[in-house]
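K.L.:
Enclosed is the structure file run28.pdb (PDB, N, CA and C atoms and all ligand atoms).
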```
ATOM      1  N   MET A 375    -136.420  81.142  39.335
ATOM      2  CA  MET A 375    -136.142  80.391  38.118
ATOM      3  C   MET A 375    -135.141  79.268  38.381
ATOM      4  N   GLN A 376    -134.076  79.609  39.149
ATOM      5  CA  GLN A 376    -133.064  78.599  39.433
ATOM      6  C   GLN A 376    -133.642  77.476  40.296
ATOM      7  N   ALA A 377    -134.487  77.856  41.267
ATOM      8  CA  ALA A 377    -135.119  76.851  42.115
ATOM      9  C   ALA A 377    -136.051  75.972  41.294
ATOM     10  N   GLN A 378    -136.742  76.588  40.336
ATOM     11  CA  GLN A 378    -137.632  75.831  39.460
ATOM     12  C   GLN A 378    -136.840  74.797  38.660
ATOM     13  N   ARG A 379    -135.696  75.217  38.135
ATOM     14  CA  ARG A 379    -134.860  74.321  37.334
ATOM     15  C   ARG A 379    -134.290  73.201  38.212
ATOM     16  N   ALA A 380    -133.878  73.536  39.425
ATOM     17  CA  ALA A 380    -133.346  72.521  40.337
ATOM     18  C   ALA A 380    -134.429  71.504  40.670
ATOM     19  N   ASP A 381    -135.660  72.001  40.861
ATOM     20  CA  ASP A 381    -136.776  71.107  41.153
ATOM     21  C   ASP A 381    -137.040  70.183  39.973
ATOM     22  N   ALA A 382    -137.037  70.748  38.755
ATOM     23  CA  ALA A 382    -137.255  69.942  37.551
ATOM     24  C   ALA A 382    -136.142  68.917  37.377
ATOM     25  N   THR A 383    -134.914  69.313  37.684
ATOM     26  CA  THR A 383    -133.788  68.388  37.564
ATOM     27  C   THR A 383    -133.920  67.253  38.577
ATOM     28  N   ALA A 384    -134.326  67.589  39.795
ATOM     29  CA  ALA A 384    -134.516  66.553  40.816
ATOM     30  C   ALA A 384    -135.590  65.573  40.390
ATOM     31  N   ARG A 385    -136.678  66.113  39.826
ATOM     32  CA  ARG A 385    -137.746  65.226  39.350
ATOM     33  C   ARG A 385    -137.243  64.375  38.198
ATOM     34  N   ALA A 386    -136.416  64.959  37.350
ATOM     35  CA  ALA A 386    -135.917  64.247  36.180
ATOM     36  C   ALA A 386    -135.074  63.047  36.567
ATOM     37  N   THR A 387    -134.358  63.148  37.665
ATOM     38  CA  THR A 387    -133.485  62.043  38.041
ATOM     39  C   THR A 387    -134.243  60.920  38.721
ATOM     40  N   THR A 388    -135.493  61.179  39.138
ATOM     41  CA  THR A 388    -136.220  60.145  39.844
ATOM     42  C   THR A 388    -137.380  59.579  39.033
ATOM     43  N   ARG A 389    -137.696  60.183  37.890
ATOM     44  CA  ARG A 389    -138.839  59.722  37.115
ATOM     45  C   ARG A 389    -138.377  59.124  35.797
ATOM     46  N   HIS A 390    -139.056  58.080  35.397
ATOM     47  CA  HIS A 390    -138.729  57.445  34.131
ATOM     48  C   HIS A 390    -139.465  58.105  32.978
ATOM     49  N   SER A 391    -140.742  58.342  33.177
ATOM     50  CA  SER A 391    -141.556  58.998  32.159
ATOM     51  C   SER A 391    -142.219  60.222  32.774
ATOM     52  N   PHE A 392    -142.441  61.216  31.966
ATOM     53  CA  PHE A 392    -143.111  62.429  32.437
ATOM     54  C   PHE A 392    -144.560  62.470  31.984
ATOM     55  N   LEU A 393    -145.102  61.306  31.668
ATOM     56  CA  LEU A 393    -146.518  61.194  31.341
ATOM     57  C   LEU A 393    -147.324  61.632  32.547
ATOM     58  N   THR A 394    -148.268  62.543  32.340
ATOM     59  CA  THR A 394    -149.074  63.019  33.462
ATOM     60  C   THR A 394    -150.507  62.483  33.420
ATOM     61  N   HIS A 395    -151.090  62.423  32.211
ATOM     62  CA  HIS A 395    -152.463  61.945  32.101
ATOM     63  C   HIS A 395    -152.816  61.709  30.628
ATOM     64  N   LEU A 396    -153.990  61.164  30.400
ATOM     65  CA  LEU A 396    -154.523  60.979  29.048
ATOM     66  C   LEU A 396    -155.651  61.982  28.869
ATOM     67  N   GLU A 397    -155.770  62.548  27.652
ATOM     68  CA  GLU A 397    -156.808  63.550  27.399
ATOM     69  C   GLU A 397    -157.482  63.246  26.069
ATOM     70  N   CYS A 398    -158.807  63.241  26.083
ATOM     71  CA  CYS A 398    -159.571  62.948  24.869
ATOM     72  C   CYS A 398    -159.419  64.087  23.851
ATOM     73  N   THR A 399    -159.189  63.716  22.600
ATOM     74  CA  THR A 399    -159.032  64.704  21.530
ATOM     75  C   THR A 399    -160.366  65.345  21.141
ATOM     76  N   ALA A 400    -161.470  64.697  21.485
ATOM     77  CA  ALA A 400    -162.777  65.212  21.086
ATOM     78  C   ALA A 400    -163.519  65.904  22.229
ATOM     79  N   CYS A 401    -163.701  65.212  23.351
ATOM     80  CA  CYS A 401    -164.529  65.774  24.426
ATOM     81  C   CYS A 401    -163.712  66.390  25.553
ATOM     82  N   GLY A 402    -162.401  66.187  25.559
ATOM     83  CA  GLY A 402    -161.539  66.803  26.566
ATOM     84  C   GLY A 402    -161.512  66.075  27.897
ATOM     85  N   ALA A 403    -162.202  64.954  28.008
ATOM     86  CA  ALA A 403    -162.177  64.198  29.267
ATOM     87  C   ALA A 403    -160.740  63.769  29.561
ATOM     88  N   THR A 404    -160.406  63.727  30.847
ATOM     89  CA  THR A 404    -159.052  63.315  31.225
ATOM     90  C   THR A 404    -159.123  62.033  32.052
ATOM     91  N   TYR A 405    -158.056  61.265  31.936
ATOM     92  CA  TYR A 405    -157.967  59.980  32.626
ATOM     93  C   TYR A 405    -156.579  59.843  33.221
ATOM     94  N   GLY A 406    -156.488  59.079  34.273
ATOM     95  CA  GLY A 406    -155.208  58.874  34.937
ATOM     96  C   GLY A 406    -154.216  58.189  34.007
ATOM     97  N   ALA A 407    -152.955  58.515  34.194
ATOM     98  CA  ALA A 407    -151.907  57.954  33.349
ATOM     99  C   ALA A 407    -151.733  56.453  33.575
ATOM    100  N   ASP A 408    -152.162  55.967  34.723
ATOM    101  CA  ASP A 408    -152.005  54.543  35.009
ATOM    102  C   ASP A 408    -153.245  53.734  34.638
ATOM    103  N   GLU A 409    -154.267  54.415  34.111
ATOM    104  CA  GLU A 409    -155.460  53.691  33.673
ATOM    105  C   GLU A 409    -155.228  53.165  32.256
ATOM    106  N   LEU A 410    -155.719  51.972  31.979
ATOM    107  CA  LEU A 410    -155.556  51.378  30.662
ATOM    108  C   LEU A 410    -156.776  51.692  29.802
ATOM    109  N   HIS A 411    -156.565  52.455  28.724
ATOM    110  CA  HIS A 411    -157.634  52.802  27.794
ATOM    111  C   HIS A 411    -157.081  52.709  26.379
ATOM    112  N   THR A 412    -157.901  52.252  25.463
ATOM    113  CA  THR A 412    -157.501  52.273  24.052
ATOM    114  C   THR A 412    -158.089  53.507  23.369
ATOM    115  N   VAL A 413    -159.305  53.886  23.772
ATOM    116  CA  VAL A 413    -159.975  55.096  23.287
ATOM    117  C   VAL A 413    -160.708  55.714  24.471
ATOM    118  N   CYS A 414    -161.259  56.905  24.272
ATOM    119  CA  CYS A 414    -161.995  57.588  25.340
ATOM    120  C   CYS A 414    -163.236  56.768  25.724
ATOM    121  N   PRO A 415    -163.358  56.386  26.999
ATOM    122  CA  PRO A 415    -164.546  55.633  27.426
ATOM    123  C   PRO A 415    -165.841  56.431  27.262
ATOM    124  N   ALA A 416    -165.757  57.772  27.290
ATOM    125  CA  ALA A 416    -166.955  58.605  27.203
ATOM    126  C   ALA A 416    -167.481  58.731  25.777
ATOM    127  N   CYS A 417    -166.575  58.884  24.796
ATOM    128  CA  CYS A 417    -167.053  59.153  23.433
ATOM    129  C   CYS A 417    -166.410  58.270  22.359
ATOM    130  N   GLY A 418    -165.434  57.457  22.732
ATOM    131  CA  GLY A 418    -164.845  56.534  21.769
ATOM    132  C   GLY A 418    -163.791  57.134  20.855
ATOM    133  N   LYS A 419    -163.378  58.362  21.118
ATOM    134  CA  LYS A 419    -162.375  59.006  20.262
ATOM    135  C   LYS A 419    -160.959  58.768  20.804
ATOM    136  N   VAL A 420    -159.992  59.256  20.041
ATOM    137  CA  VAL A 420    -158.573  59.047  20.361
ATOM    138  C   VAL A 420    -158.167  59.823  21.617
ATOM    139  N   LEU A 421    -157.250  59.252  22.392
ATOM    140  CA  LEU A 421    -156.714  59.909  23.584
ATOM    141  C   LEU A 421    -155.294  60.396  23.312
ATOM    142  N   TYR A 422    -155.006  61.624  23.752
ATOM    143  CA  TYR A 422    -153.635  62.141  23.722
ATOM    144  C   TYR A 422    -152.938  61.727  25.007
ATOM    145  N   ALA A 423    -151.668  61.393  24.908
ATOM    146  CA  ALA A 423    -150.834  61.212  26.091
ATOM    147  C   ALA A 423    -150.251  62.592  26.398
ATOM    148  N   ARG A 424    -150.466  63.096  27.606
ATOM    149  CA  ARG A 424    -149.977  64.423  28.005
ATOM    150  C   ARG A 424    -148.802  64.267  28.967
ATOM    151  N   TYR A 425    -147.824  65.159  28.824
ATOM    152  CA  TYR A 425    -146.579  65.053  29.586
ATOM    153  C   TYR A 425    -146.251  66.340  30.324
ATOM    154  N   ASP A 426    -145.442  66.221  31.352
ATOM    155  CA  ASP A 426    -144.812  67.365  32.009
ATOM    156  C   ASP A 426    -143.591  67.682  31.144
ATOM    157  N   LEU A 427    -143.795  68.530  30.147
ATOM    158  CA  LEU A 427    -142.739  68.779  29.162
ATOM    159  C   LEU A 427    -141.573  69.566  29.744
ATOM    160  N   ALA A 428    -141.832  70.420  30.746
ATOM    161  CA  ALA A 428    -140.724  71.146  31.384
ATOM    162  C   ALA A 428    -139.808  70.165  32.111
ATOM    163  N   GLY A 429    -140.409  69.204  32.789
ATOM    164  CA  GLY A 429    -139.610  68.183  33.473
ATOM    165  C   GLY A 429    -138.842  67.321  32.493
ATOM    166  N   ALA A 430    -139.502  66.941  31.411
ATOM    167  CA  ALA A 430    -138.839  66.120  30.392
ATOM    168  C   ALA A 430    -137.679  66.884  29.761
ATOM    169  N   ALA A 431    -137.895  68.171  29.496
ATOM    170  CA  ALA A 431    -136.828  68.985  28.883
ATOM    171  C   ALA A 431    -135.622  69.071  29.804
ATOM    172  N   ALA A 432    -135.868  69.177  31.099
ATOM    173  CA  ALA A 432    -134.760  69.254  32.047
ATOM    174  C   ALA A 432    -133.969  67.952  32.080
ATOM    175  N   ALA A 433    -134.651  66.838  31.886
ATOM    176  CA  ALA A 433    -133.984  65.531  31.927
ATOM    177  C   ALA A 433    -133.299  65.186  30.614
ATOM    178  N   MET A 434    -133.853  65.668  29.510
ATOM    179  CA  MET A 434    -133.361  65.268  28.190
ATOM    180  C   MET A 434    -132.322  66.273  27.669
ATOM    181  N   THR A 435    -131.246  66.388  28.387
ATOM    182  CA  THR A 435    -130.176  67.277  27.945
ATOM    183  C   THR A 435    -129.382  66.597  26.829
ATOM    184  N   ARG A 436    -128.611  67.386  26.100
ATOM    185  CA  ARG A 436    -127.762  66.810  25.046
ATOM    186  C   ARG A 436    -126.825  65.769  25.629
ATOM    187  N   GLU A 437    -126.272  66.073  26.798
ATOM    188  CA  GLU A 437    -125.326  65.163  27.436
ATOM    189  C   GLU A 437    -126.009  63.854  27.843
ATOM    190  N   ALA A 438    -127.194  63.985  28.425
ATOM    191  CA  ALA A 438    -127.919  62.784  28.868
ATOM    192  C   ALA A 438    -128.268  61.912  27.673
ATOM    193  N   LEU A 439    -128.765  62.518  26.594
ATOM    194  CA  LEU A 439    -129.150  61.739  25.411
ATOM    195  C   LEU A 439    -127.931  61.118  24.741
ATOM    196  N   ALA A 440    -126.817  61.840  24.696
ATOM    197  CA  ALA A 440    -125.609  61.321  24.053
ATOM    198  C   ALA A 440    -125.065  60.099  24.783
ATOM    199  N   ALA A 441    -125.315  60.011  26.074
ATOM    200  CA  ALA A 441    -124.793  58.901  26.874
ATOM    201  C   ALA A 441    -125.679  57.659  26.805
ATOM    202  N   ARG A 442    -126.828  57.767  26.165
ATOM    203  CA  ARG A 442    -127.770  56.639  26.140
ATOM    204  C   ARG A 442    -127.614  55.810  24.869
ATOM    205  N   PRO A 443    -127.946  54.529  24.942
ATOM    206  CA  PRO A 443    -127.904  53.697  23.732
ATOM    207  C   PRO A 443    -129.002  54.093  22.744
ATOM    208  N   PHE A 444    -128.805  53.748  21.482
ATOM    209  CA  PHE A 444    -129.768  54.092  20.431
ATOM    210  C   PHE A 444    -130.898  53.063  20.407
ATOM    211  N   THR A 445    -131.749  53.133  21.413
ATOM    212  CA  THR A 445    -132.917  52.272  21.481
ATOM    213  C   THR A 445    -134.136  53.153  21.701
ATOM    214  N   LEU A 446    -135.278  52.528  21.665
ATOM    215  CA  LEU A 446    -136.520  53.250  21.936
ATOM    216  C   LEU A 446    -136.468  53.932  23.296
ATOM    217  N   TRP A 447    -135.826  53.283  24.271
ATOM    218  CA  TRP A 447    -135.802  53.781  25.653
ATOM    219  C   TRP A 447    -134.909  54.986  25.817
ATOM    220  N   ARG A 448    -134.203  55.363  24.776
ATOM    221  CA  ARG A 448    -133.379  56.564  24.844
ATOM    222  C   ARG A 448    -134.242  57.787  25.178
ATOM    223  N   TYR A 449    -135.470  57.750  24.770
ATOM    224  CA  TYR A 449    -136.383  58.885  24.964
ATOM    225  C   TYR A 449    -137.488  58.544  25.961
ATOM    226  N   HIS A 450    -137.145  57.778  26.970
ATOM    227  CA  HIS A 450    -138.157  57.272  27.901
ATOM    228  C   HIS A 450    -138.967  58.368  28.583
ATOM    229  N   GLU A 451    -138.430  59.573  28.703
ATOM    230  CA  GLU A 451    -139.172  60.648  29.362
ATOM    231  C   GLU A 451    -140.467  60.985  28.621
ATOM    232  N   VAL A 452    -140.504  60.762  27.316
ATOM    233  CA  VAL A 452    -141.697  61.119  26.542
ATOM    234  C   VAL A 452    -142.349  59.878  25.918
ATOM    235  N   LEU A 453    -142.199  58.754  26.596
ATOM    236  CA  LEU A 453    -142.920  57.546  26.209
ATOM    237  C   LEU A 453    -144.044  57.325  27.223
ATOM    238  N   PRO A 454    -145.160  56.804  26.769
ATOM    239  CA  PRO A 454    -146.302  56.635  27.684
ATOM    240  C   PRO A 454    -146.187  55.394  28.568
ATOM    241  N   VAL A 455    -145.063  55.234  29.224
ATOM    242  CA  VAL A 455    -144.836  54.106  30.129
ATOM    243  C   VAL A 455    -144.287  54.688  31.426
ATOM    244  N   ARG A 456    -145.142  54.815  32.429
ATOM    245  CA  ARG A 456    -144.711  55.454  33.673
ATOM    246  C   ARG A 456    -143.889  54.538  34.546
ATOM    247  N   ASP A 457    -144.212  53.293  34.572
ATOM    248  CA  ASP A 457    -143.520  52.388  35.486
ATOM    249  C   ASP A 457    -142.940  51.228  34.688
ATOM    250  N   ILE A 458    -141.737  51.422  34.181
ATOM    251  CA  ILE A 458    -141.121  50.420  33.309
ATOM    252  C   ILE A 458    -140.884  49.106  34.036
ATOM    253  N   ILE A 459    -140.546  49.154  35.305
ATOM    254  CA  ILE A 459    -140.305  47.924  36.055
ATOM    255  C   ILE A 459    -141.587  47.094  36.115
ATOM    256  N   ARG A 460    -142.694  47.757  36.405
ATOM    257  CA  ARG A 460    -143.967  47.034  36.460
ATOM    258  C   ARG A 460    -144.301  46.444  35.102
ATOM    259  N   GLN A 461    -144.046  47.199  34.027
ATOM    260  CA  GLN A 461    -144.309  46.701  32.679
ATOM    261  C   GLN A 461    -143.455  45.459  32.380
ATOM    262  N   LEU A 462    -142.173  45.533  32.729
ATOM    263  CA  LEU A 462    -141.273  44.412  32.439
ATOM    264  C   LEU A 462    -141.638  43.180  33.250
ATOM    265  N   VAL A 463    -141.965  43.383  34.529
ATOM    266  CA  VAL A 463    -142.356  42.256  35.374
ATOM    267  C   VAL A 463    -143.639  41.633  34.831
ATOM    268  N   SER A 464    -144.565  42.473  34.392
ATOM    269  CA  SER A 464    -145.814  41.978  33.835
ATOM    270  C   SER A 464    -145.560  41.144  32.576
ATOM    271  N   GLN A 465    -144.677  41.634  31.711
ATOM    272  CA  GLN A 465    -144.346  40.896  30.485
ATOM    273  C   GLN A 465    -143.646  39.581  30.822
ATOM    274  N   ALA A 466    -142.730  39.614  31.787
ATOM    275  CA  ALA A 466    -142.018  38.397  32.182
ATOM    276  C   ALA A 466    -142.990  37.396  32.789
ATOM    277  N   ASP A 467    -143.915  37.903  33.595
ATOM    278  CA  ASP A 467    -144.906  37.043  34.222
ATOM    279  C   ASP A 467    -145.762  36.357  33.161
ATOM    280  N   GLU A 468    -146.140  37.115  32.142
ATOM    281  CA  GLU A 468    -146.953  36.550  31.058
ATOM    282  C   GLU A 468    -146.177  35.465  30.311
ATOM    283  N   THR A 469    -144.908  35.697  30.104
ATOM    284  CA  THR A 469    -144.059  34.706  29.427
ATOM    285  C   THR A 469    -143.972  33.435  30.263
ATOM    286  N   LEU A 470    -143.799  33.599  31.575
ATOM    287  CA  LEU A 470    -143.697  32.432  32.464
ATOM    288  C   LEU A 470    -145.009  31.651  32.510
ATOM    289  N   LYS A 471    -146.133  32.369  32.407
ATOM    290  CA  LYS A 471    -147.429  31.682  32.405
ATOM    291  C   LYS A 471    -147.558  30.780  31.184
ATOM    292  N   ARG A 472    -146.930  31.192  30.081
ATOM    293  CA  ARG A 472    -147.000  30.400  28.852
ATOM    294  C   ARG A 472    -146.000  29.251  28.845
ATOM    295  N   ALA A 473    -145.027  29.277  29.735
ATOM    296  CA  ALA A 473    -143.968  28.271  29.735
ATOM    297  C   ALA A 473    -144.505  26.840  29.834
ATOM    298  N   PRO A 474    -145.447  26.530  30.747
ATOM    299  CA  PRO A 474    -145.939  25.148  30.798
ATOM    300  C   PRO A 474    -146.554  24.708  29.466
ATOM    301  N   ALA A 475    -147.244  25.580  28.790
ATOM    302  CA  ALA A 475    -147.824  25.238  27.493
ATOM    303  C   ALA A 475    -146.720  24.965  26.482
ATOM    304  N   LEU A 476    -145.644  25.722  26.539
ATOM    305  CA  LEU A 476    -144.528  25.499  25.624
ATOM    306  C   LEU A 476    -143.861  24.158  25.906
ATOM    307  N   VAL A 477    -143.727  23.822  27.179
ATOM    308  CA  VAL A 477    -143.134  22.532  27.553
ATOM    309  C   VAL A 477    -144.018  21.405  27.032
ATOM    310  N   GLU A 478    -145.325  21.553  27.218
ATOM    311  CA  GLU A 478    -146.266  20.514  26.768
ATOM    312  C   GLU A 478    -146.218  20.358  25.244
ATOM    313  N   THR A 479    -146.168  21.462  24.520
ATOM    314  CA  THR A 479    -146.091  21.435  23.058
ATOM    315  C   THR A 479    -144.807  20.754  22.604
ATOM    316  N   THR A 480    -143.717  21.062  23.265
ATOM    317  CA  THR A 480    -142.429  20.456  22.920
ATOM    318  C   THR A 480    -142.458  18.958  23.163
ATOM    319  N   ARG A 481    -143.036  18.556  24.312
ATOM    320  CA  ARG A 481    -143.153  17.132  24.631
ATOM    321  C   ARG A 481    -143.991  16.408  23.571
ATOM    322  N   ALA A 482    -145.115  17.010  23.222
ATOM    323  CA  ALA A 482    -146.008  16.395  22.227
ATOM    324  C   ALA A 482    -145.289  16.237  20.887
ATOM    325  N   ALA A 483    -144.521  17.245  20.508
ATOM    326  CA  ALA A 483    -143.773  17.182  19.239
ATOM    327  C   ALA A 483    -142.714  16.083  19.302
ATOM    328  N   LYS A 484    -142.072  15.926  20.450
ATOM    329  CA  LYS A 484    -141.048  14.882  20.603
ATOM    330  C   LYS A 484    -141.674  13.502  20.544
ATOM    331  N   ASP A 485    -142.854  13.360  21.180
ATOM    332  CA  ASP A 485    -143.542  12.070  21.188
ATOM    333  C   ASP A 485    -143.937  11.645  19.786
ATOM    334  N   LYS A 486    -144.288  12.587  18.933
ATOM    335  CA  LYS A 486    -144.690  12.270  17.557
ATOM    336  C   LYS A 486    -143.493  11.855  16.721
ATOM    337  N   ALA A 487    -142.311  12.362  17.078
ATOM    338  CA  ALA A 487    -141.099  12.090  16.264
ATOM    339  C   ALA A 487    -140.586  10.689  16.460
TER     340      ALA A 487
HETATM  341 ZN    ZN B 501    -163.968  61.697  24.729
END
```
Do you think you could lay out the structure here as structure tokens?
Ligand SMILES: [Zn+2]
P.N.:
Amino acid sequence: MQAQRADATARATTRHSFLTHLECTACGATYGADELHTVCPACGKVLYARYDLAGAAAAMTREALAARPFTLWRYHEVLPVRDIIRQLVSQADETLKRAPALVETTRAAKDKA
């Protein structure tokens, strides 16, 4: 039991989310946690996000939660975002892709003024 808890604690310190996979609410099909799906590709029904709840419980101690800011990310262990860095880089990249269009729009607005 103690070894199990130590293992869960070690995992808790290295993982951001304990999302393990997606599972269809209707047909039970499972999909990888890193696959992007809005609904079950097999039947079109809703997908559950499934977690390693023992690992999340080990990470989400009263002390750990009390030390975190009151934001959505306070509960990151049970959010369906496994790789937050990749998500943030992707969002930043998308913003940068739009930057030239924003510059062009600003220029056009200035030219009209
Ligand atoms: Zn399904």
K.L.:
Apply the PyMOL selection byres (((chain A and resi 450) around 8) and not hetatm) to the structure shown and report the selected residues as a list in words.
P.N.:
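That selection, the PyMOL selection byres (((chain A and resi 450) around 8) and not hetatm), comes back as Arg389, His390, Ser391, Phe392, Leu393, Ala430, Thr445, Leu446, Trp447, Arg448, Tyr449, Glu451, Val452, Leu453, Pro454 and Val455 of chain A.
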K.L.:
What is the distance between atom N of Leu439 of chain A and atom CA of Ala423 of chain A, in Å to one decimal?
P.N.:
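Interatomic distance, atom N of Leu439 of chain A to atom CA of Ala423 of chain A: 22.1 Å.
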K.L.:
As a PyMOL selection string, please: every residue in chain A that a backbone DSSP assignment puts in helix (DSSP H, G or I).
P.N.:
chain A and resi 376-388+427-433+436-440+446-452+458-486
K.L.:
Please write the residues picked by the PyMOL selection byres (((chain A and resi 407 and name CA) around 7) and not hetatm and name CA) on this file as a PDB file with N, CA and C atoms, in the frame of the given file.
P.N.:
```pdb
ATOM      1  N   LEU A 393    -145.102  61.306  31.668  1.00  0.00           N
ATOM      2  CA  LEU A 393    -146.518  61.194  31.341  1.00  0.00           C
ATOM      3  C   LEU A 393    -147.324  61.632  32.547  1.00  0.00           C
ATOM      4  N   THR A 394    -148.268  62.543  32.340  1.00  0.00           N
ATOM      5  CA  THR A 394    -149.074  63.019  33.462  1.00  0.00           C
ATOM      6  C   THR A 394    -150.507  62.483  33.420  1.00  0.00           C
ATOM      7  N   HIS A 395    -151.090  62.423  32.211  1.00  0.00           N
ATOM      8  CA  HIS A 395    -152.463  61.945  32.101  1.00  0.00           C
ATOM      9  C   HIS A 395    -152.816  61.709  30.628  1.00  0.00           C
ATOM     10  N   LEU A 396    -153.990  61.164  30.400  1.00  0.00           N
ATOM     11  CA  LEU A 396    -154.523  60.979  29.048  1.00  0.00           C
ATOM     12  C   LEU A 396    -155.651  61.982  28.869  1.00  0.00           C
ATOM     13  N   TYR A 405    -158.056  61.265  31.936  1.00  0.00           N
ATOM     14  CA  TYR A 405    -157.967  59.980  32.626  1.00  0.00           C
ATOM     15  C   TYR A 405    -156.579  59.843  33.221  1.00  0.00           C
ATOM     16  N   GLY A 406    -156.488  59.079  34.273  1.00  0.00           N
ATOM     17  CA  GLY A 406    -155.208  58.874  34.937  1.00  0.00           C
ATOM     18  C   GLY A 406    -154.216  58.189  34.007  1.00  0.00           C
ATOM     19  N   ASP A 408    -152.162  55.967  34.723  1.00  0.00           N
ATOM     20  CA  ASP A 408    -152.005  54.543  35.009  1.00  0.00           C
ATOM     21  C   ASP A 408    -153.245  53.734  34.638  1.00  0.00           C
ATOM     22  N   GLU A 409    -154.267  54.415  34.111  1.00  0.00           N
ATOM     23  CA  GLU A 409    -155.460  53.691  33.673  1.00  0.00           C
ATOM     24  C   GLU A 409    -155.228  53.165  32.256  1.00  0.00           C
TER      25      GLU A 409
END
```
K.L.:
Let me have all residues with an atom within 8 Å of ligand ZN 501 (chain B), counting all atoms listed in the file, laid out as a ChimeraX atom specification.
P.N.:
/A:397-404,413-421
K.L.:
Which value, in Å to one decimal, gives the distance between atom N of Arg424 of chain A and atom C of Arg456 of chain A?
P.N.:
12.8 Å
K.L.:
In Å to one decimal, how far is atom CA of Asp457 of chain A from atom CA of Arg436 of chain A?
P.N.:
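Between these atoms lies a distance of 23.8 Å.
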K.L.:
As a JSON list (two decimals) with N, CA and C atoms, in the coordinates of the input, which residues of chain A does DSSP assign to strand (DSSP E)?
P.N.:
```json
[["chain", "number", "residue", "atom", "x", "y", "z"],
["A", 393, "LEU", "N", -145.10, 61.31, 31.67],
["A", 393, "LEU", "CA", -146.52, 61.19, 31.34],
["A", 393, "LEU", "C", -147.32, 61.63, 32.55],
["A", 394, "THR", "N", -148.27, 62.54, 32.34],
["A", 394, "THR", "CA", -149.07, 63.02, 33.46],
["A", 394, "THR", "C", -150.51, 62.48, 33.42],
["A", 395, "HIS", "N", -151.09, 62.42, 32.21],
["A", 395, "HIS", "CA", -152.46, 61.94, 32.10],
["A", 395, "HIS", "C", -152.82, 61.71, 30.63],
["A", 396, "LEU", "N", -153.99, 61.16, 30.40],
["A", 396, "LEU", "CA", -154.52, 60.98, 29.05],
["A", 396, "LEU", "C", -155.65, 61.98, 28.87],
["A", 397, "GLU", "N", -155.77, 62.55, 27.65],
["A", 397, "GLU", "CA", -156.81, 63.55, 27.40],
["A", 397, "GLU", "C", -157.48, 63.25, 26.07],
["A", 398, "CYS", "N", -158.81, 63.24, 26.08],
["A", 398, "CYS", "CA", -159.57, 62.95, 24.87],
["A", 398, "CYS", "C", -159.42, 64.09, 23.85],
["A", 404, "THR", "N", -160.41, 63.73, 30.85],
["A", 404, "THR", "CA", -159.05, 63.32, 31.22],
["A", 404, "THR", "C", -159.12, 62.03, 32.05],
["A", 405, "TYR", "N", -158.06, 61.26, 31.94],
["A", 405, "TYR", "CA", -157.97, 59.98, 32.63],
["A", 405, "TYR", "C", -156.58, 59.84, 33.22],
["A", 406, "GLY", "N", -156.49, 59.08, 34.27],
["A", 406, "GLY", "CA", -155.21, 58.87, 34.94],
["A", 406, "GLY", "C", -154.22, 58.19, 34.01],
["A", 421, "LEU", "N", -157.25, 59.25, 22.39],
["A", 421, "LEU", "CA", -156.71, 59.91, 23.58],
["A", 421, "LEU", "C", -155.29, 60.40, 23.31],
["A", 422, "TYR", "N", -155.01, 61.62, 23.75],
["A", 422, "TYR", "CA", -153.64, 62.14, 23.72],
["A", 422, "TYR", "C", -152.94, 61.73, 25.01],
["A", 423, "ALA", "N", -151.67, 61.39, 24.91],
["A", 423, "ALA", "CA", -150.83, 61.21, 26.09],
["A", 423, "ALA", "C", -150.25, 62.59, 26.40],
["A", 424, "ARG", "N", -150.47, 63.10, 27.61],
["A", 424, "ARG", "CA", -149.98, 64.42, 28.00],
["A", 424, "ARG", "C", -148.80, 64.27, 28.97],
["A", 425, "TYR", "N", -147.82, 65.16, 28.82],
["A", 425, "TYR", "CA", -146.58, 65.05, 29.59],
["A", 425, "TYR", "C", -146.25, 66.34, 30.32]]
```
K.L.:
Any chance you could work out the axis-aligned box around segment 427-446 of chain A, listed atoms only, 8 Å on each side, giving centre and edge lengths in Å to one decimal, as lines of an AutoDock Vina configuration file?
P.N.:
```
center_x = -134.3
center_y = 61.7
center_z = 26.9
size_x = 35.0
size_y = 34.9
size_z = 29.1
```
